[in-house]
Each structure stands twice: as C-alpha cells, then as structure tokens.
file model03.txt (compact mmCIF, C-alpha atoms)
# COMPACT_ATOMS: atom_id res chain seq x y z
CA MET F 210 -34.44 44.14 -26.90
CA THR F 211 -34.45 46.20 -23.76
CA ASP F 212 -31.07 46.29 -22.07
CA PRO F 213 -31.67 44.79 -18.63
CA LEU F 214 -28.74 46.78 -17.23
CA THR F 215 -30.21 50.15 -18.04
CA ALA F 216 -34.01 49.85 -17.83
CA PRO F 217 -34.74 52.04 -14.79
CA ALA F 218 -37.81 50.05 -13.71
CA GLY F 219 -35.87 46.79 -13.87
CA ILE F 220 -33.09 48.30 -11.78
CA GLN F 221 -35.66 49.54 -9.28
CA ALA F 222 -37.28 46.09 -9.10
CA LEU F 223 -33.94 44.54 -8.19
CA LEU F 224 -33.14 47.26 -5.65
CA ASP F 225 -36.56 46.74 -4.07
CA ALA F 226 -36.18 42.96 -3.89
CA ALA F 227 -32.65 42.97 -2.47
CA ARG F 228 -32.52 42.48 1.30
CA PHE F 229 -29.68 44.38 2.92
CA ASP F 230 -28.44 43.29 6.34
CA ALA F 231 -28.40 45.31 9.58
CA ASP F 232 -25.32 47.18 8.28
CA GLY F 233 -27.07 47.95 4.99
CA LEU F 234 -24.93 45.45 3.09
CA ILE F 235 -25.50 42.44 0.84
CA PRO F 236 -22.83 39.96 -0.29
CA CYS F 237 -22.11 39.83 -4.03
CA ILE F 238 -20.36 36.91 -5.71
CA ALA F 239 -18.53 37.79 -8.94
CA GLN F 240 -18.38 35.03 -11.56
CA GLN F 241 -16.73 35.22 -14.98
CA HIS F 242 -19.77 35.01 -17.27
CA ASP F 243 -18.41 32.57 -19.85
CA SER F 244 -15.93 30.32 -18.02
CA GLY F 245 -17.99 30.08 -14.81
CA GLU F 246 -14.93 30.82 -12.67
CA VAL F 247 -15.84 32.27 -9.29
CA LEU F 248 -13.58 35.29 -8.97
CA MET F 249 -14.33 36.90 -5.60
CA MET F 250 -16.96 37.83 -3.07
CA ALA F 251 -17.40 41.34 -1.74
CA TRP F 252 -20.14 43.52 -0.29
CA MET F 253 -22.49 46.09 -1.75
CA ASN F 254 -24.69 48.69 -0.16
CA ARG F 255 -27.71 50.14 -1.91
CA ASP F 256 -25.72 52.95 -3.51
CA SER F 257 -23.03 50.66 -4.90
CA LEU F 258 -25.64 48.24 -6.28
CA ALA F 259 -27.52 51.11 -7.91
CA GLU F 260 -24.29 52.49 -9.41
CA THR F 261 -23.29 49.03 -10.66
CA LEU F 262 -26.63 48.55 -12.42
CA ALA F 263 -26.69 52.06 -13.86
CA THR F 264 -23.11 52.09 -15.15
CA GLY F 265 -22.46 48.42 -15.99
CA ARG F 266 -19.19 48.58 -14.03
CA VAL F 267 -19.11 46.68 -10.77
CA THR F 268 -18.82 48.87 -7.68
CA TYR F 269 -18.64 47.37 -4.20
CA TRP F 270 -18.71 48.86 -0.73
CA SER F 271 -15.37 48.64 1.03
CA ARG F 272 -16.04 47.73 4.65
CA SER F 273 -12.46 48.55 5.65
CA ARG F 274 -12.43 51.95 3.97
CA GLN F 275 -16.16 52.64 4.46
CA ALA F 276 -16.34 53.98 0.93
CA LEU F 277 -17.54 53.04 -2.53
CA TRP F 278 -15.03 50.69 -4.15
CA ARG F 279 -15.12 51.04 -7.92
CA LYS F 280 -13.42 47.77 -8.80
CA GLY F 281 -10.36 48.44 -10.93
CA GLU F 282 -10.30 52.19 -10.37
CA THR F 283 -6.73 51.99 -9.11
CA SER F 284 -5.54 48.75 -10.72
CA GLY F 285 -7.38 48.90 -14.05
CA GLN F 286 -8.75 45.42 -13.37
CA VAL F 287 -12.39 46.40 -13.90
CA GLN F 288 -15.41 44.13 -13.95
CA GLU F 289 -17.97 44.72 -16.70
CA LEU F 290 -21.39 43.62 -15.56
CA ARG F 291 -23.19 41.22 -17.88
CA GLU F 292 -26.05 40.30 -15.56
CA MET F 293 -26.97 40.74 -11.91
CA ARG F 294 -28.88 37.89 -10.32
CA LEU F 295 -30.59 37.73 -6.93
CA ASP F 296 -31.11 34.58 -4.92
CA CYS F 297 -34.36 33.04 -3.69
CA ASP F 298 -34.52 34.88 -0.38
CA GLY F 299 -33.05 38.09 -1.72
CA ASP F 300 -30.02 38.29 0.53
CA THR F 301 -27.20 37.39 -1.89
CA LEU F 302 -26.25 38.71 -5.32
CA LEU F 303 -24.47 36.90 -8.15
CA ALA F 304 -22.78 39.24 -10.63
CA LEU F 305 -21.93 37.69 -13.98
CA VAL F 306 -19.03 39.78 -15.18
CA HIS F 307 -16.30 40.12 -17.71
CA GLN F 308 -13.15 40.47 -15.61
CA HIS F 309 -10.38 42.54 -17.15
CA GLY F 310 -7.10 41.05 -16.03
CA VAL F 311 -7.17 39.63 -12.52
CA ALA F 312 -9.74 39.89 -9.75
CA CYS F 313 -7.46 39.26 -6.76
CA HIS F 314 -5.25 41.88 -5.14
CA THR F 315 -2.48 39.24 -5.04
CA GLY F 316 -2.40 39.29 -8.85
CA ARG F 317 -4.27 36.02 -9.23
CA ARG F 318 -7.24 35.62 -11.47
CA SER F 319 -9.48 34.39 -8.61
CA CYS F 320 -9.33 35.10 -4.88
CA PHE F 321 -10.17 31.44 -4.13
CA TYR F 322 -6.72 29.96 -4.60
CA ARG F 323 -6.11 28.14 -1.31
CA ALA F 324 -7.26 24.61 -0.46
CA PRO F 325 -6.15 21.74 1.77
CA ARG F 326 -3.68 19.40 0.10
CA GLY F 327 -2.39 16.67 2.32
CA ASP F 328 -1.25 18.20 5.58
CA ALA F 329 -1.22 21.85 4.53
CA LEU F 330 -3.12 24.65 2.88
CA ALA F 331 -1.79 24.79 -0.68
CA GLU F 332 -1.78 27.66 -3.16
CA LEU F 333 -3.49 26.32 -6.28
CA THR F 334 -2.51 29.14 -8.64
CA LYS F 335 0.33 31.60 -9.04
CA PRO F 336 -0.02 35.36 -9.56
CA GLU F 337 -0.50 36.35 -13.20
CA ALA F 338 0.24 39.99 -12.50
CA ASP F 339 2.61 41.79 -10.15
CA PRO F 340 0.59 43.48 -7.38
CA ARG F 341 3.21 46.26 -7.24
CA ALA F 342 2.52 47.03 -10.88
CA LEU F 343 -1.25 46.95 -10.30
CA TYR F 344 -1.33 49.14 -7.20
CA GLY F 345 1.93 51.06 -7.30
CA ALA F 346 4.98 50.77 -5.08
CA ALA F 347 3.12 52.10 -2.02
CA SER F 348 0.98 48.98 -1.58
CA MET N 47 -2.35 10.29 -2.85
CA THR N 48 -3.49 11.78 0.41
CA ASP N 49 -7.17 12.63 0.38
CA PRO N 50 -7.30 16.40 1.02
CA LEU N 51 -10.78 16.03 2.55
CA THR N 52 -9.70 13.72 5.31
CA ALA N 53 -6.07 14.57 6.19
CA PRO N 54 -6.51 15.94 9.73
CA ALA N 55 -3.60 18.37 9.47
CA GLY N 56 -4.94 19.78 6.21
CA ILE N 57 -8.36 20.25 7.76
CA GLN N 58 -6.77 21.96 10.75
CA ALA N 59 -4.77 24.27 8.47
CA LEU N 60 -7.96 25.40 6.76
CA LEU N 61 -9.80 25.84 10.06
CA ASP N 62 -6.88 27.91 11.37
CA ALA N 63 -6.74 30.12 8.26
CA ALA N 64 -10.50 30.77 8.05
CA ARG N 65 -11.56 34.10 9.54
CA PHE N 66 -14.96 33.96 11.17
CA ASP N 67 -16.92 37.19 11.68
CA ALA N 68 -18.11 38.69 14.99
CA ASP N 69 -20.96 36.15 15.03
CA GLY N 70 -18.52 33.29 14.44
CA LEU N 71 -19.70 32.81 10.84
CA ILE N 72 -18.13 32.71 7.39
CA PRO N 73 -20.00 32.79 4.07
CA CYS N 74 -19.67 29.72 1.87
CA ILE N 75 -20.46 29.71 -1.85
CA ALA N 76 -21.47 26.33 -3.27
CA GLN N 77 -20.51 25.70 -6.89
CA GLN N 78 -21.20 22.56 -8.93
CA HIS N 79 -17.67 21.25 -9.47
CA ASP N 80 -17.93 20.30 -13.15
CA SER N 81 -20.44 22.71 -14.70
CA GLY N 82 -19.31 25.75 -12.72
CA GLU N 83 -22.90 26.64 -11.83
CA VAL N 84 -23.14 28.73 -8.67
CA LEU N 85 -25.81 26.98 -6.65
CA MET N 86 -26.23 28.93 -3.42
CA MET N 87 -24.53 30.87 -0.66
CA ALA N 88 -24.99 30.07 3.01
CA TRP N 89 -23.07 30.42 6.26
CA MET N 90 -20.82 28.14 8.24
CA ASN N 91 -19.54 28.29 11.78
CA ARG N 92 -16.40 26.50 12.85
CA ASP N 93 -18.27 23.33 13.80
CA SER N 94 -20.13 23.10 10.50
CA LEU N 95 -16.92 23.70 8.54
CA ALA N 96 -15.12 21.03 10.54
CA GLU N 97 -17.98 18.58 10.04
CA THR N 98 -18.10 19.33 6.31
CA LEU N 99 -14.38 18.65 5.91
CA ALA N 100 -14.44 15.53 8.07
CA THR N 101 -17.51 13.94 6.48
CA GLY N 102 -17.37 15.20 2.88
CA ARG N 103 -21.03 16.22 3.15
CA VAL N 104 -21.70 19.95 3.22
CA THR N 105 -23.12 21.20 6.51
CA TYR N 106 -24.01 24.87 7.01
CA TRP N 107 -25.10 26.87 10.03
CA SER N 108 -28.71 27.96 9.86
CA ARG N 109 -28.92 31.51 11.14
CA SER N 110 -32.72 31.35 11.37
CA ARG N 111 -32.79 28.07 13.28
CA GLN N 112 -29.45 28.63 15.08
CA ALA N 113 -28.54 25.03 14.43
CA LEU N 114 -26.33 22.91 12.20
CA TRP N 115 -27.95 22.52 8.80
CA ARG N 116 -26.91 19.27 7.17
CA LYS N 117 -27.81 20.14 3.60
CA GLY N 118 -30.24 17.57 2.23
CA GLU N 119 -30.99 15.92 5.57
CA THR N 120 -34.71 16.54 5.09
CA SER N 121 -34.92 16.87 1.31
CA GLY N 122 -32.33 14.31 0.21
CA GLN N 123 -30.69 17.03 -1.92
CA VAL N 124 -27.24 16.57 -0.40
CA GLN N 125 -24.01 18.25 -1.48
CA GLU N 126 -20.93 16.03 -1.71
CA LEU N 127 -17.81 18.07 -1.11
CA ARG N 128 -15.13 17.77 -3.78
CA GLU N 129 -12.90 20.60 -2.59
CA MET N 130 -13.07 23.45 -0.10
CA ARG N 131 -11.25 26.64 -1.11
CA LEU N 132 -10.51 29.74 0.93
CA ASP N 133 -10.10 33.22 -0.46
CA CYS N 134 -7.11 35.55 -0.22
CA ASP N 135 -8.12 37.26 3.00
CA GLY N 136 -9.62 34.15 4.54
CA ASP N 137 -13.14 35.44 5.05
CA THR N 138 -15.05 33.56 2.33
CA LEU N 139 -15.22 29.87 1.40
CA LEU N 140 -15.89 28.32 -2.00
CA ALA N 141 -17.17 24.74 -1.80
CA LEU N 142 -16.86 22.75 -5.01
CA VAL N 143 -19.61 20.18 -4.69
CA HIS N 144 -21.59 17.54 -6.45
CA GLN N 145 -25.19 18.61 -5.91
CA HIS N 146 -27.71 15.79 -5.75
CA GLY N 147 -30.93 17.06 -7.30
CA VAL N 148 -31.61 20.72 -6.62
CA ALA N 149 -29.92 23.23 -4.31
CA CYS N 150 -32.80 25.69 -3.90
CA HIS N 151 -35.73 25.23 -1.53
CA THR N 152 -38.01 26.38 -4.38
CA GLY N 153 -37.08 23.23 -6.30
CA ARG N 154 -34.73 25.02 -8.66
CA ARG N 155 -31.22 23.85 -9.36
CA SER N 156 -29.69 27.19 -8.29
CA CYS N 157 -30.92 29.81 -5.84
CA PHE N 158 -29.80 32.59 -8.23
CA TYR N 159 -32.76 32.53 -10.61
CA ARG N 160 -33.93 36.16 -10.57
CA ALA N 161 -32.56 38.99 -12.70
CA PRO N 162 -33.81 42.25 -14.21
CA ARG N 163 -35.39 41.82 -17.63
CA GLY N 164 -36.80 44.99 -19.09
CA ASP N 165 -38.99 46.64 -16.46
CA ALA N 166 -39.26 43.73 -14.03
CA LEU N 167 -37.41 41.09 -12.09
CA ALA N 168 -37.76 37.91 -14.14
CA GLU N 169 -37.50 34.27 -13.05
CA LEU N 170 -34.86 32.73 -15.29
CA THR N 171 -35.56 29.08 -14.46
CA LYS N 172 -38.51 26.97 -13.40
CA PRO N 173 -38.58 24.49 -10.51
CA GLU N 174 -37.29 21.04 -11.45
CA ALA N 175 -38.71 19.46 -8.31
CA ASP N 176 -41.85 20.02 -6.26
CA PRO N 177 -40.91 21.63 -2.93
CA ARG N 178 -43.83 19.81 -1.28
CA ALA N 179 -42.33 16.51 -2.33
CA LEU N 180 -38.88 17.59 -1.09
CA TYR N 181 -39.93 18.93 2.29
CA GLY N 182 -43.29 17.28 2.96
CA ALA N 183 -46.74 18.86 3.08
CA ALA N 184 -45.96 20.84 6.22
CA SER N 185 -43.59 23.26 4.52

call {"tool": "encode", "arguments": {"input": "model03.txt", "output": "structure tokens"}}
result
Amino acid sequence: MTDPLTAPAGIQALLDAARFDADGLIPCIAQQHDSGEVLMMAWMNRDSLAETLATGRVTYWSRSRQALWRKGETSGQVQELREMRLDCDGDTLLALVHQHGVACHTGRRSCFYRAPRGDALAELTKPEADPRALYGAAS
Amino acid sequence: MTDPLTAPAGIQALLDAARFDADGLIPCIAQQHDSGEVLMMAWMNRDSLAETLATGRVTYWSRSRQALWRKGETSGQVQELREMRLDCDGDTLLALVHQHGVACHTGRRSCFYRAPRGDALAELTKPEADPRALYGAAS
C-alpha cells in the first residue's frame, strides 16, 4: 500500500486543491484520530502544510509570531499526522492526528474546554499537565 | 437544571468571551455530538452566534452572501445545538450538534471527504442525498 503521507503526487494534489485565504492561510482542525476528540484549530500556510505532509508531524503557521510552528517543538506535545482531509470547497483542513500528551497550552487535552453552564462560562476540564513544566518557567 | 442554551447570562458570558476577527467573524466547527464526526466548519458573526444560542438551531454567517445562514433553512438539513464550546484563546467555536441528514452541500454527511491516497486526492465517501433534491433544480 502506498503511504498517503509520503506519496509526492498525492501531497501535490492536496496542495493544489487547498484554497489559501488573502493572507495565504487555511484553517486546520486537529482531531484525535481514534477518540474523535476535537483538540484545537490553528492555521497553516502552504509551507507548513507541505512540511506537515512530508514529515508526518503537524506544523502550523503562528500568526502571532509570523513563523512556522512545529507543534510540540518546545513542549514535546507533538501531533503525529494520520490523515489530512480537505473539505468540499477546499478552504478548511481536518488533520486526524495522534496527540502526544495535551494539545492546549493551558495543559488541557483539548483547547475547547469552556461552555455556558447556567449563568456563566464554565471550565469543563482541568489541566492534565503543568504549563510551566511544558514551556519552562519563562512562560 | 438550568438549560445552558437558554440562560441569558450564560449566553452573554459566551458572547463576551468570544473574540471576533477584524471582519467581525469567528470560525465555528460543527461536530456530531455522539459520534464525534467533524461535519463542517463555517463562520459566525455576533448576531448569528446569539441567534444560535437563543434558538438552539445553528445559524452561520454566509461570507459569500453576506447574510445570516440558517443552516437547513432551504435543505431541511438543520443542526440542533447541544452545546457551544469556546477555545482557550476565545477565537474558535466548537458546536456539538445533532445533524439532521447531511451537513455537506454535495449530499455527503461531512464536508471533509477528500484526502490524499497514493498519487491523487481521493473521495472517501459518496453522497447520501441528491443535492438537487436538497436544494431544488436551480442549484
């Protein structure tokens, strides 16, 4: 079986079909491949998408730092790509991943941990990891 | 138990915490609440988010039509909101929904049906409904 992550023509087909916005970016949803948990949403440019597909490690584009963001490079909480899907009109990606540790910089598994409960916005989950341990004392 | 979808203060807390971009929009991922299937991603403005929370029916903002997009109004393929979650930095929503029928305008359950397979971009699923029946002969 051909590995869909590494066949160059398959990668090129996805890069050609993806529609980047006026800033050259496309949103990418990361979902844990087996549990279905939606972990986070971040942005990719063409280079980060190409690197993700070529390496099998998810790399985003950090809009705040204006730099490639190799997920887990600092924290160790990497995302192994299992499959990259594109939506019907080509302007959103869905990355099925294996998340090592936690996806959220707060130490939670998923970034989507807030929801209305009664009169307030509640936190649905607690951190599983200490952000200071993940990112060092400086953060 | 207070219904988190209809408590006005809870709705207001979510509206206050959501960070809309320079165009007044925030991306919203729709996920089938029980199966975990990621169905689609679309955009909301403040009015569509408020309407979604108040009515329990998901309403997006159509960037192409520049109008409220009450999902399923034409096709009948409505999304019942079960819970609206906000991510850590407040700039992405995750709507847990019950999808009636199909989410994708192509008649597929999910919009994310394309992925690299070997040398090409493959279609992973087939339409479950005829788009002409969903949207009428004009579309």

call {"tool": "closest_residue", "arguments": {"input": "model03.txt", "among": "F:Asp232, F:Glu289, F:Asp225, F:Asp256", "to": "chain N", "atoms": "only C-alpha atoms"}}
result
F:Asp225

call {"tool": "interface_residues", "arguments": {"input": "model03.txt", "of": "chain F", "to": "chain N", "cutoff": "8 Å", "atoms": "only C-alpha atoms", "output": "PyMOL selection string"}}
result
chain F and resi 211-214+216-220+222-223+244-246+249-250+292-297+301-303+313+315+320-330

call {"tool": "residues_around", "arguments": {"input": "model03.txt", "residues": "region 104-110 of chain N", "least_positions_apart": "2", "cutoff": "9 Å", "atoms": "all atoms listed in the file", "output": "PyMOL selection string"}}
result
chain N and resi 71+74+88-91+93-99+101-102+112-118+124-127+141+143

call {"tool": "residues_around", "arguments": {"input": "model03.txt", "residues": "region 174-179 of chain N", "least_positions_apart": "4", "cutoff": "12 Å", "atoms": "only C-alpha atoms", "output": "VMD selection string"}}
result
chain N and resid 120 to 123 146 to 156 183 to 185

call {"tool": "atom_distance", "arguments": {"input": "model03.txt", "atom1": "CA of Gln78 (chain N)", "atom2": "CA of Arg103 (chain N)"}}
result
13.6 Å

call {"tool": "atom_distance", "arguments": {"input": "model03.txt", "atom1": "CA of Arg291 (chain F)", "atom2": "CA of His307 (chain F)"}}
result
7.0 Å

call {"tool": "atom_distance", "arguments": {"input": "model03.txt", "atom1": "CA of Ile235 (chain F)", "atom2": "CA of Ala76 (chain N)"}}
result
17.1 Å
